[in-house]
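Just below is one structure, and these are the notes that go with it.
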Amino acid sequence: KNVRRRAKRAYIWSFFFTSYCRVCNNFDRLMNNRMLTKDLEAVVSTQSTGVPPCLETMFETCRRHHTFPFNHPIYVSDPVANQPAGFPSNEIRTTKYTVLSFVPKNLLEQFRRYQNFYFLLVCIPTLLPSISPITPASAVVPFLAILLVAATKEGWEDWKRWKQDSEYNSRKYEVFRDKLWVNIFNRNIQVGDILCINDGQEVPADCVLLSTTRTDGICYFETADLDGETYLKQCTAHPESIFFSREDLEKLNAVLRVAPPDKALYHFKGTLTLAPHGKLLSNPLTSSHDKSDELVLSLDGKQLLMRGVRIRNTKTVYAIVCYTGCNTKLALNQVSTPSKFSRTEKLTNWITVSVFILKMVLVILCTIAVVVSHGHGSLTYLWGTSDPGPQAGVVFASYFVLLAYFIPISLFVNLEVIKVVQAYFIACDEDMMVNGKGATVQNSNLNDELSRVSYIFSDKTGTLTQNKMLFDSCSIGGVNYKAAGRGELQAKVGSDHEVVDFFLNLALNNEVLPERVGGNMPYYAAPSPDEVALVKGAYVNQVKLVHRDSLGLTVQIGDGQPQIYELLALLPFSSSRKRSSILVRIPNGKIVLYVKGADQVILQRLDKASSVGPIVKATKKHITDYSVHGLRTLVMARREISKQEYDLFSKVYSSATKAIDRREEMLDQCMDDIESQLSLQGCTAIEDKLQENVSWTIDYLIRAGIKVWMITGDKQETAENIAKSCKLIKENSTLVRVVEAQHSNDCRDMFQTARKVLRTETNVSLVIDSMSLVFALVEFREELLEIGQKCSSVIVCRAEPLQKAQVVALLKNGTKKICLAIGDGANDVSMIQEAHIGVGIWGEEGSQAARNSDFSVRQFKHLARLITVHGRYNMMRTALMVEFSFYKNLAMFFVQFWFASYCRWSAQTFYDDWVMAGFNTVLVSAPPLVLAMFEKDLTENTILQYPEAYKELRDGLYFTPRTFLRWFCSALWHSTVFYFLFLFALPDTMNSSGLTGNLWTSSTLVATAAIITIVFKAALVTKYWVWPSHVGYWCSLLLMFSLFLIESSWLDSFPRFYQVMIFVASSPWLWFFIPCTTVACLVPDIVQEHLQREFYPWKYQMIREKAIRQMPTLTMEQKVPLHPKSTEFIELPVDSSPISTQRTTLQSQMMDQTIPSYDSLVGAFDDDNEANGAAHELNSMSGTFPSLGTISTSTTSSGSSDTSDEDEVNPSGESSLIELV
């Protein structure tokens, strides 16, 4: 009864919902319906036969596509036995549409956009002849064209996704089926199959590793598609299944039981029950079967091969499929990037709504005017009735259609096109390319949002630094060896046992796999670059790891014979343990535990004798010294283990690995017990160099008014030193530290101290660690927000990935300003997705950050160009296109409202139907597109030379309600001139044949003058002329005359427009009216622009004028004047005096600067070619600036350059504004 009740409720809940999911292939929404899930699980998990027949189809659909708890055993190589469980298919489908659902679903998505729904409402009245003032085709055809373009774009993108899915689903894998090894497609793989995967192949589903061709049962793989890490990781087969051969697997009789699927990449629990060949396995639901001869293997994350990983350095792998399709770890972790919308898009929607309200007000006014006009006399000759009521509704609908052109129908499609073009320009920027690979754009909606950035949150390792680790120094026994990375200790390896034992820790305690690929040093592959650096550091000091296999690790010391160190146990590193250990039996038979890890973890595990000795004190001092120099540190320790202690550990560790419940806790406790009473060996220092031009980039961004926060997981000392190296912390900065807070009171006191410092100091940098951040993010959010805003820079150290995202969320929600986060690792993804704009770097830590970001670059230095150059151009171009699109439509069609009072509010159209239809889509479509693609207010080099120009851009230079109001007033004035100048200034026209003008000749005359004026307005606002500008503007005029001539020539198609253009063109009034209209419209615009530039100039206008008139700018690559070693930028006056006065001030500042000597210039360049090139640039400048003398060069045989005996300078003593160093 209960089953039937739940089944009926599930049916009622999901009948229509499941039908929708079937059509749209959107089973993710079905999975999220918890009520439905509960009911279906209850029905499916019950063996009752009382399920109503009407539900069978729905249950079958849900079984195939829904995730149910895995209480069903997995029978190995038995698809028939696994069929009742209803495991999901392994087919991957990322497409949004199917062939049947494309039309209805695409239309549904199209009409979710308000503007499309609005134009649909406009088209409906045009289909009613008694209401529509225009022909239906003139309104419907452009609307259908817009829908078709958008649908084509969606279909093309979905087709590309379908091709990728088909390619992935059609990959072939070798599977054991029906007692044969066969090749099947990826989409046909099922749970329980035994797979044979070769080196280089991608794992198609989550699998349990059985055995490999390696004798130690280890399988190496990389997880770049899973977590972004490019370094090798390893998976180990269970000791009981290591030696399973291909023939053994063909006879395998086993049942696999696994936990329900979850998102944790490295969390997995399960058991594999093995039975002798020919004997049935016990039923897991009963306990009556004899299980005495069955072997149960306990499985954990070490045996899990996840879908998406790629096999490396392992010839062949055999594994059992445990999760397929939507149940795999990769599928569960594929969280869609949160939807982000720019403020420009929101403002565009606000403008659209405002124009719509204006239009509705005018429509209502026209309707009221009709009613009022009926009260002043009988107008039955117009309406056919004296009752104004019915006709008021007709007039309302008619003007609703006529004034609909206030909103440009092509604007939103143009915006989509422009976003694609802007993304293409970013990707093709050669100055942002490395080895032919450039930046990528994953979210083009945020292209213009780059111009509004106020805060940047940056990771350190791999973002500011190269993440290429180099072994630099070490401390052994309290002695500092600064040149250990260059082999300083080679001589001591043969005589000093303490040094040898230290480097044995480096060579053995890792997961590095050595490969001989030629040369002396092997190629080392490892999960971490730190481990590779340590192994290479041991190698250059003559302790060489040469081989690794199931027997152990082979190490050669000096010129001696290689020796095998038997591997007894490897205790891996984890973020909670912060250490790794290895148990080995050394050649003399002793058992030694080698440990390495973070200093705060290892030092507290030392024995009493080591923890208070002078070695510990000296080592701590060396750790601090290394950190101050920006080096990454690890502490090394060891301990000899007795035979009895090892036997006890081995027994406890083995039972912990086989445990099903509390396995992780038991393993942690076991490892914690043995990693104690350690003897300190020393510490290592690894260098992670800064990326190219990081210091210049950060200084440039700060000068641009952007605050930079560095959030890292490294130590405080290392973070502070890197911040100083990259000029995030200036030399004159006052450091305020909120660190190591044990209680909330400690955190409160440190914040109060920070407030006091901020009252007296202006250049303050805040340093806060993760311990203090725990209290700050909960109890002192307002204090952290207030102090962080006032500080010039903030350093967050020892931060966890979640804390990074929380800090970004605090600033984003607290300041309401645009925040940008940049990182390169998988631990930066949460921070990147939390920020308004996420930027990923294709770095050494993989591609996860780049794949989950809105933009991705190759190096940190490219961020400055992405924000200030592309952000500026994208903002300016988008703003121009939106504002110009509304301007041209309002200027053109506001005439319709002026005309309404002269046609007694009869809803008579002023323009021809096809002029209105083609105005947005054909006639004047090119000018806004040209402006949105090629316009520039400043050149790239000028932008890079003047970072201060970014401040006014961020504060709203181009696109605000104020700027739109200026364009709206211009449109209103132009429409007034178009109509009333024609109405009052032109007499009745008559041509040489005696024909007089009519409505269509008048509207053609006004339309011609209006379109020409609009094109000239586009030319007036164009600051950067390229050949597409000329083509676009002239083609618009050509298309206008072509359309008018075609309509004038085709009597059958356009009867009322026949010979109209011929009449207008033959009238001299046309050629008089056009220049008069253009001058009357544009002269006020020119005067307003001149007055604004003269008395209230924008900073970019001053920069543009000075750049054009006074000095050519050179690229950053030419090192003049923006050499990365230099942070000199040209200051600008900030007063509001007239620009003529400011020009004088600028020139006086220029005169105070002196030309540097050639000797001082040479030091700013990397080689002689660059120096000579700079000299040629100076010589060429002397022709432009008479005050600049000529610099001659000569190169000696040794390659050094000298200046001439005397530099010739203009006798006036004046020098040009040139900053070369």
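Residue numbers start at 1 in each chain; chains themselves are named A, B, ... in the order of the structure tokens; ligands are numbered from 1 in the order shown.
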Do a neighbour search on Phe899 in chain A at 10 Å with only C-alpha atoms, toss out local chain neighbours closer than 4 positions, and write the hits as a list in words.
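Selected residues are Phe893, Phe894, Val895, Cys903, Arg904, Trp905, Ala907, Gln908, Thr909, Phe910, Tyr979, Phe980 and Leu983 of chain A.
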Within 8 Å of Leu272 in chain A using only C-alpha atoms, minus same-chain residues under 6 positions, as a list in words
Ala254, Val255, Leu256, Arg257, Val296, Leu297, Ser298 and Leu299 of chain A
Mind checking which residues fall within 10 Å of range 77-81 of chain A, counting only C-alpha atoms, ignoring those fewer than 4 positions away in the same chain, and posting them as a ChimeraX atom specification?
/A:73,85,175-179,190-195,249-255,320-321
Can you list every residue of range 400-494 of chain A that has an atom at most 9 Å from range 701-717 of chain A, with its nearest atom pair and the distance in Å to one decimal, using only C-alpha atoms, ordered by chain then number, as a tab-separated table?
```
residue	atom	partner	partner_atom	distance
A:Val453	CA	A:Ile706	CA	6.9
A:Ser454	CA	A:Ile706	CA	4.9
A:Tyr455	CA	A:Lys707	CA	4.9
A:Ile456	CA	A:Val708	CA	4.8
A:Phe457	CA	A:Trp709	CA	4.8
A:Ser458	CA	A:Met710	CA	4.9
A:Asp459	CA	A:Ile711	CA	5.2
A:Lys460	CA	A:Thr712	CA	5.5
A:Thr461	CA	A:Thr712	CA	7.4
```
Create the file for the chosen residues now, containing N, CA and C atoms and written as a CSV table (one decimal), in the first residue's frame.
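After the write, selection02.csv holds the following:
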```
chain,number,residue,atom,x,y,z
A,453,VAL,N,37.6,47.6,-13.3
A,453,VAL,CA,38.3,46.9,-12.2
A,453,VAL,C,38.8,47.8,-11.1
A,454,SER,N,38.5,47.5,-9.9
A,454,SER,CA,39.0,48.3,-8.7
A,454,SER,C,39.9,47.5,-7.8
A,455,TYR,N,39.7,46.2,-7.8
A,455,TYR,CA,40.5,45.3,-6.9
A,455,TYR,C,40.9,44.1,-7.7
A,456,ILE,N,42.2,43.7,-7.5
A,456,ILE,CA,42.8,42.5,-8.1
A,456,ILE,C,43.2,41.6,-7.0
A,457,PHE,N,42.8,40.4,-7.0
A,457,PHE,CA,43.2,39.4,-6.1
A,457,PHE,C,44.1,38.3,-6.8
A,458,SER,N,45.3,38.2,-6.4
A,458,SER,CA,46.3,37.4,-7.2
A,458,SER,C,46.8,36.3,-6.3
A,459,ASP,N,46.9,35.1,-6.8
A,459,ASP,CA,47.7,34.0,-6.2
A,459,ASP,C,49.2,34.4,-6.4
A,460,LYS,N,50.0,33.7,-5.7
A,460,LYS,CA,51.5,33.9,-5.8
A,460,LYS,C,52.2,32.9,-6.6
A,461,THR,N,52.1,31.6,-6.2
A,461,THR,CA,52.9,30.6,-6.8
A,461,THR,C,52.3,30.3,-8.2
```
Excluding same-chain residues fewer than 6 positions from Arg93 in chain A, what lies within 10 Å of it counting only C-alpha atoms, as a PyMOL selection string?
chain A and resi 25+161-162+164-166+168-169+325-326
For those residues, write N, CA and C atoms to a file as a PDB file, in the first residue's frame.
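The resulting file, out-v6.pdb, is shown below:
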```pdb
ATOM      1  N   ASN A  25      16.017  16.819 -23.075  1.00  0.00           N
ATOM      2  CA  ASN A  25      17.223  16.087 -22.664  1.00  0.00           C
ATOM      3  C   ASN A  25      17.865  16.739 -21.434  1.00  0.00           C
ATOM      4  N   ARG A 161      29.437  21.318 -30.265  1.00  0.00           N
ATOM      5  CA  ARG A 161      29.415  20.482 -29.065  1.00  0.00           C
ATOM      6  C   ARG A 161      29.040  19.046 -29.408  1.00  0.00           C
ATOM      7  N   TRP A 162      28.102  18.883 -30.346  1.00  0.00           N
ATOM      8  CA  TRP A 162      27.703  17.535 -30.763  1.00  0.00           C
ATOM      9  C   TRP A 162      28.868  16.794 -31.420  1.00  0.00           C
ATOM     10  N   GLN A 164      32.063  17.247 -30.773  1.00  0.00           N
ATOM     11  CA  GLN A 164      32.976  16.854 -29.708  1.00  0.00           C
ATOM     12  C   GLN A 164      32.444  15.647 -28.947  1.00  0.00           C
ATOM     13  N   ASP A 165      31.148  15.647 -28.661  1.00  0.00           N
ATOM     14  CA  ASP A 165      30.552  14.501 -27.973  1.00  0.00           C
ATOM     15  C   ASP A 165      30.676  13.229 -28.811  1.00  0.00           C
ATOM     16  N   SER A 166      30.400  13.347 -30.109  1.00  0.00           N
ATOM     17  CA  SER A 166      30.475  12.173 -30.978  1.00  0.00           C
ATOM     18  C   SER A 166      31.895  11.618 -31.045  1.00  0.00           C
ATOM     19  N   TYR A 168      34.165  11.895 -28.723  1.00  0.00           N
ATOM     20  CA  TYR A 168      34.495  11.269 -27.445  1.00  0.00           C
ATOM     21  C   TYR A 168      33.762   9.928 -27.285  1.00  0.00           C
ATOM     22  N   ASN A 169      32.486   9.898 -27.634  1.00  0.00           N
ATOM     23  CA  ASN A 169      31.697   8.668 -27.461  1.00  0.00           C
ATOM     24  C   ASN A 169      32.104   7.562 -28.424  1.00  0.00           C
ATOM     25  N   GLY A 325      29.058   7.406 -16.850  1.00  0.00           N
ATOM     26  CA  GLY A 325      28.200   8.540 -17.188  1.00  0.00           C
ATOM     27  C   GLY A 325      28.141   9.612 -16.125  1.00  0.00           C
ATOM     28  N   CYS A 326      26.916   9.937 -15.712  1.00  0.00           N
ATOM     29  CA  CYS A 326      26.709  11.039 -14.764  1.00  0.00           C
ATOM     30  C   CYS A 326      27.156  10.709 -13.360  1.00  0.00           C
TER      31      CYS A 326
END
```
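The residue that comes closest to Arg962 in chain A, out of A:Met306, A:Leu802, A:Val122, A:Ile351 and on the basis of only C-alpha atoms, is A:Ile351.
The two atoms in question, CA of Met433 in chain A and CA of Lys861 in chain A, are spaced 11.0 Å apart.
Using only C-alpha atoms, the nearest neighbour of Ser793 in chain A within the list A:Ala439, A:Cys747, A:Val808, A:Ala723 is A:Ala723.
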Selected residue, from A:Glu948, A:Ile311, A:Thr942, A:Val99, that lies nearest to Ile1108 in chain A when counting only C-alpha atoms
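Among the listed residues, the smallest separation from Ile1108 in chain A belongs to A:Thr942.
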Near-range 1056-1058 of chain A list (10 Å; only C-alpha atoms; drop same-chain fewer than 3 positions) as a ChimeraX atom specification
/A:912,1000-1001,1004,1044-1053,1061-1063
One-decimal distance in Å that lies between CA of Met876 in chain A and CA of Arg452 in chain A:
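Calculated distance between CA of Arg452 in chain A and CA of Met876 in chain A is 11.8 Å.
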For Thr1013 in chain A, find every residue with an atom within 9 Å (counting only C-alpha atoms), except residues of its own chain fewer than 3 positions away, and show them as number ranges by chain.
A: 974, 1008-1010, 1016-1018, 1074-1075, 1077-1079, 1081-1082
For CA of Ser528 in chain A and CA of Tyr231 in chain A, determine how far apart the two atoms are, in Å to one decimal place.
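CA of Tyr231 in chain A lies at a distance of 6.1 Å from CA of Ser528 in chain A.
Nearest-residue note for Gly477 in chain A: choosing from A:Val500, A:Ile722, A:Leu728, A:Leu571, the minimum distance belongs to A:Val500, counting only C-alpha atoms.
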May I ask which of the residues A:Arg737, A:Lys419, A:Lys643, A:Arg638 is the closest one to Met875 in chain A, counting only C-alpha atoms?
A:Lys419
Determine the nearest neighbour of Glu449 in chain A from the options A:Asp828, A:Glu935, A:Glu345, A:Glu1089, counting only C-alpha atoms.
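The closest residue to Glu449 in chain A is A:Glu345.
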Using backbone DSSP assignments, extract all strand (DSSP E or B) residues from range 331-563 of chain A; output them as a VMD selection string.
chain A and resid 434 437 440 to 441 453 to 458 465 to 476 479 to 481 513 to 515 523 to 525 543 to 549 552 to 557 563
